Amino acid sequence: MDLDQYFGDDNNFPGQYGPLFQRFERRRRVMFNVTWATRRWYASSWIAFQPFIKDATDERSLKDGIEDGVEAVLARASATTVNTYQRCLQAFLNWLLVEERISKPIKLQKLRAEKKIK
């Protein structure tokens with residue numbers, strides 16, 4: 001996947017929060033020099049949850065969309081995978097708060113994942 005092309009295409013980031021996610025990725029890339037793998041993680045997380053948050057217009061609908069997305073993604077992926085996506089989304093939500101795009105923190109609940117014994 002060509003990440004520059006993906007993040008540069010506005011069609012991949014619909015709704016009110018799509019362009020903000022693009023800006024989040026760009027700021028993280030510039031300010032923190034994130035790796036290609038981190039950028040791919042951002043893209044994967046966005047792809048998984050974008051259908052559920054593209055219509056969000058406020059904080060409540062954003063949180064509801066993410067919660068709906070957790071249920072849907074969990075139906076086809078493991079709890080560990082969902083938690084991984086949620087860590088990315090939590091970073092995005094924290095950034096939205098710092099940027100004053102949302103007025104109060106949104107905390108995502110981590111799912112219980114099966115522990116593997118080595």
# chains A, B, ... in the order shown; residues from 1 in each chain; ligands from 1
>>> residues_around(residues="Ile53 of chain A", least_positions_apart="2", cutoff="10 Å", atoms="only C-alpha atoms", output="list in words")
Pro14, Gly15, Gln16, Tyr17, Gly18, Trp46, Phe49, Gln50, Pro51, Asp55, Ala56, Thr57, Ser61, Leu62, Lys63, Asp64, Gly65, Ile66, Glu67, Asp68 and Gly69 of chain A
>>> write_last_selection(atoms="C-alpha atoms", output="PDB file, in the first residue's frame")
ATOM      1  CA  PRO A  14     -15.177  11.175   4.427  1.00  0.00           C
ATOM      2  CA  GLY A  15     -17.254  12.973   6.992  1.00  0.00           C
ATOM      3  CA  GLN A  16     -16.373  15.535   9.618  1.00  0.00           C
ATOM      4  CA  TYR A  17     -13.659  13.466  11.294  1.00  0.00           C
ATOM      5  CA  GLY A  18     -12.002  12.086   8.146  1.00  0.00           C
ATOM      6  CA  TRP A  46      -9.034   3.972   9.943  1.00  0.00           C
ATOM      7  CA  PHE A  49     -13.594   1.959  11.754  1.00  0.00           C
ATOM      8  CA  GLN A  50     -14.268   4.536   9.031  1.00  0.00           C
ATOM      9  CA  PRO A  51     -17.650   3.047   8.018  1.00  0.00           C
ATOM     10  CA  ASP A  55     -21.406  10.061   9.616  1.00  0.00           C
ATOM     11  CA  ALA A  56     -20.474  11.323  13.099  1.00  0.00           C
ATOM     12  CA  THR A  57     -21.196  15.008  13.616  1.00  0.00           C
ATOM     13  CA  SER A  61     -22.078  10.226  17.659  1.00  0.00           C
ATOM     14  CA  LEU A  62     -18.308   9.751  17.302  1.00  0.00           C
ATOM     15  CA  LYS A  63     -18.161   7.666  20.480  1.00  0.00           C
ATOM     16  CA  ASP A  64     -21.289   5.720  19.476  1.00  0.00           C
ATOM     17  CA  GLY A  65     -19.811   5.042  16.033  1.00  0.00           C
ATOM     18  CA  ILE A  66     -16.584   3.730  17.519  1.00  0.00           C
ATOM     19  CA  GLU A  67     -18.533   1.500  19.924  1.00  0.00           C
ATOM     20  CA  ASP A  68     -20.626   0.169  17.017  1.00  0.00           C
ATOM     21  CA  GLY A  69     -17.407  -0.413  15.119  1.00  0.00           C
TER      22      GLY A  69
END
>>> residues_around(residues="segment 6-12 of chain A", least_positions_apart="5", cutoff="10 Å", atoms="only C-alpha atoms", output="PyMOL selection string")
chain A and resi 1+18-19+21-23+25-26+39-40+42-43+46-47+50
>>> closest_residue(among="A:Val82, A:Ala37, A:Met31, A:Val73", to="Leu111 of chain A", atoms="only C-alpha atoms")
A:Val82
>>> residues_around(residues="Tyr85 of chain A", least_positions_apart="5", cutoff="8 Å", atoms="only C-alpha atoms", output="JSON, numbers by chain")
{"A": [41, 44, 45, 48]}
>>> residues_around(residues="segment 100-107 of chain A", least_positions_apart="6", cutoff="8 Å", atoms="only C-alpha atoms", output="VMD selection string")
chain A and resid 59 63 90 93 to 94
>>> residues_around(residues="Ser78 of chain A", least_positions_apart="6", cutoff="12 Å", atoms="only C-alpha atoms", output="list in words")
Val70, Glu71, Ala72, Thr84, Tyr85, Leu111, Arg112, Ala113, Glu114 and Lys115 of chain A
>>> atom_distance(atom1="atom CA of Thr80 of chain A", atom2="atom CA of Lys110 of chain A")
9.3 Å
>>> select_by_dssp(residues="segment 18-78 of chain A", states="alpha helix (DSSP H)", output="PyMOL selection string")
chain A and resi 18-32+36-53+59-74
>>> decode(residues="segment 35-47 of chain A", atoms="all heavy atoms", output="compact mmCIF listing (two decimals), in the first residue's frame")
# COMPACT_ATOMS: atom_id res chain seq x y z
N THR A 35 7.15 5.76 11.96
CA THR A 35 7.64 4.82 10.96
C THR A 35 6.56 4.47 9.95
O THR A 35 5.36 4.73 10.16
CB THR A 35 8.12 3.53 11.63
OG1 THR A 35 6.99 2.88 12.24
CG2 THR A 35 9.20 3.81 12.67
N TRP A 36 6.99 3.82 8.88
CA TRP A 36 6.06 3.33 7.88
C TRP A 36 5.08 2.37 8.52
O TRP A 36 3.88 2.40 8.23
CB TRP A 36 6.84 2.64 6.75
CG TRP A 36 5.96 2.13 5.66
CD1 TRP A 36 5.53 2.81 4.57
CD2 TRP A 36 5.38 0.82 5.57
NE1 TRP A 36 4.71 2.00 3.78
CE2 TRP A 36 4.62 0.77 4.38
CE3 TRP A 36 5.44 -0.32 6.36
CZ2 TRP A 36 3.92 -0.36 3.99
CZ3 TRP A 36 4.74 -1.44 5.96
CH2 TRP A 36 3.99 -1.46 4.79
N ALA A 37 5.55 1.51 9.42
CA ALA A 37 4.68 0.53 10.08
C ALA A 37 3.61 1.24 10.92
O ALA A 37 2.46 0.80 10.95
CB ALA A 37 5.51 -0.41 10.96
N THR A 38 3.96 2.31 11.58
CA THR A 38 2.99 3.06 12.37
C THR A 38 1.96 3.70 11.45
O THR A 38 0.75 3.67 11.74
CB THR A 38 3.68 4.13 13.23
OG1 THR A 38 4.60 3.47 14.12
CG2 THR A 38 2.69 4.93 14.04
N ARG A 39 2.40 4.24 10.36
CA ARG A 39 1.47 4.85 9.40
C ARG A 39 0.53 3.79 8.83
O ARG A 39 -0.66 4.05 8.63
CB ARG A 39 2.23 5.56 8.29
CG ARG A 39 2.99 6.78 8.79
CD ARG A 39 3.73 7.48 7.68
NE ARG A 39 2.75 8.09 6.79
CZ ARG A 39 2.94 8.25 5.48
NH1 ARG A 39 4.07 7.86 4.92
NH2 ARG A 39 2.02 8.82 4.73
N ARG A 40 1.06 2.60 8.59
CA ARG A 40 0.20 1.51 8.10
C ARG A 40 -0.82 1.13 9.16
O ARG A 40 -1.97 0.82 8.86
CB ARG A 40 1.05 0.32 7.71
CG ARG A 40 0.22 -0.78 7.13
CD ARG A 40 1.02 -1.93 6.63
NE ARG A 40 0.07 -2.98 6.29
CZ ARG A 40 0.23 -3.80 5.31
NH1 ARG A 40 1.31 -3.73 4.57
NH2 ARG A 40 -0.65 -4.72 5.06
N TRP A 41 -0.40 1.13 10.43
CA TRP A 41 -1.32 0.85 11.54
C TRP A 41 -2.43 1.90 11.57
O TRP A 41 -3.61 1.56 11.75
CB TRP A 41 -0.52 0.82 12.83
CG TRP A 41 -1.28 0.74 14.11
CD1 TRP A 41 -2.26 -0.15 14.44
CD2 TRP A 41 -1.11 1.58 15.25
NE1 TRP A 41 -2.70 0.08 15.72
CE2 TRP A 41 -2.01 1.14 16.24
CE3 TRP A 41 -0.27 2.65 15.54
CZ2 TRP A 41 -2.10 1.74 17.49
CZ3 TRP A 41 -0.36 3.24 16.78
CH2 TRP A 41 -1.26 2.78 17.74
N TYR A 42 -2.07 3.17 11.39
CA TYR A 42 -3.07 4.23 11.33
C TYR A 42 -4.07 3.95 10.20
O TYR A 42 -5.28 4.06 10.39
CB TYR A 42 -2.44 5.60 11.09
CG TYR A 42 -1.61 6.17 12.20
CD1 TYR A 42 -0.71 7.20 11.95
CD2 TYR A 42 -1.69 5.70 13.51
CE1 TYR A 42 0.06 7.76 12.96
CE2 TYR A 42 -0.92 6.25 14.52
CZ TYR A 42 -0.05 7.28 14.24
OH TYR A 42 0.71 7.83 15.23
N ALA A 43 -3.54 3.61 9.03
CA ALA A 43 -4.41 3.35 7.87
C ALA A 43 -5.32 2.15 8.13
O ALA A 43 -6.53 2.21 7.86
CB ALA A 43 -3.56 3.11 6.62
N SER A 44 -4.78 1.08 8.67
CA SER A 44 -5.58 -0.12 8.96
C SER A 44 -6.68 0.18 9.97
O SER A 44 -7.82 -0.28 9.83
CB SER A 44 -4.69 -1.25 9.50
OG SER A 44 -3.75 -1.63 8.54
N SER A 45 -6.34 0.94 10.98
CA SER A 45 -7.32 1.30 12.01
C SER A 45 -8.42 2.15 11.41
O SER A 45 -9.62 1.95 11.69
CB SER A 45 -6.64 2.05 13.16
OG SER A 45 -5.66 1.24 13.75
N TRP A 46 -8.03 3.12 10.58
CA TRP A 46 -9.03 3.97 9.94
C TRP A 46 -9.94 3.15 9.02
O TRP A 46 -11.16 3.30 9.03
CB TRP A 46 -8.37 5.10 9.17
CG TRP A 46 -9.37 5.95 8.47
CD1 TRP A 46 -9.68 5.95 7.14
CD2 TRP A 46 -10.27 6.90 9.08
NE1 TRP A 46 -10.69 6.85 6.89
CE2 TRP A 46 -11.06 7.45 8.06
CE3 TRP A 46 -10.46 7.33 10.38
CZ2 TRP A 46 -12.04 8.40 8.30
CZ3 TRP A 46 -11.43 8.29 10.63
CH2 TRP A 46 -12.21 8.80 9.60
N ILE A 47 -9.35 2.27 8.23
CA ILE A 47 -10.13 1.45 7.30
C ILE A 47 -11.15 0.60 8.06
O ILE A 47 -12.30 0.46 7.63
CB ILE A 47 -9.20 0.58 6.43
CG1 ILE A 47 -8.43 1.46 5.44
CG2 ILE A 47 -9.97 -0.51 5.71
CD1 ILE A 47 -7.27 0.77 4.74
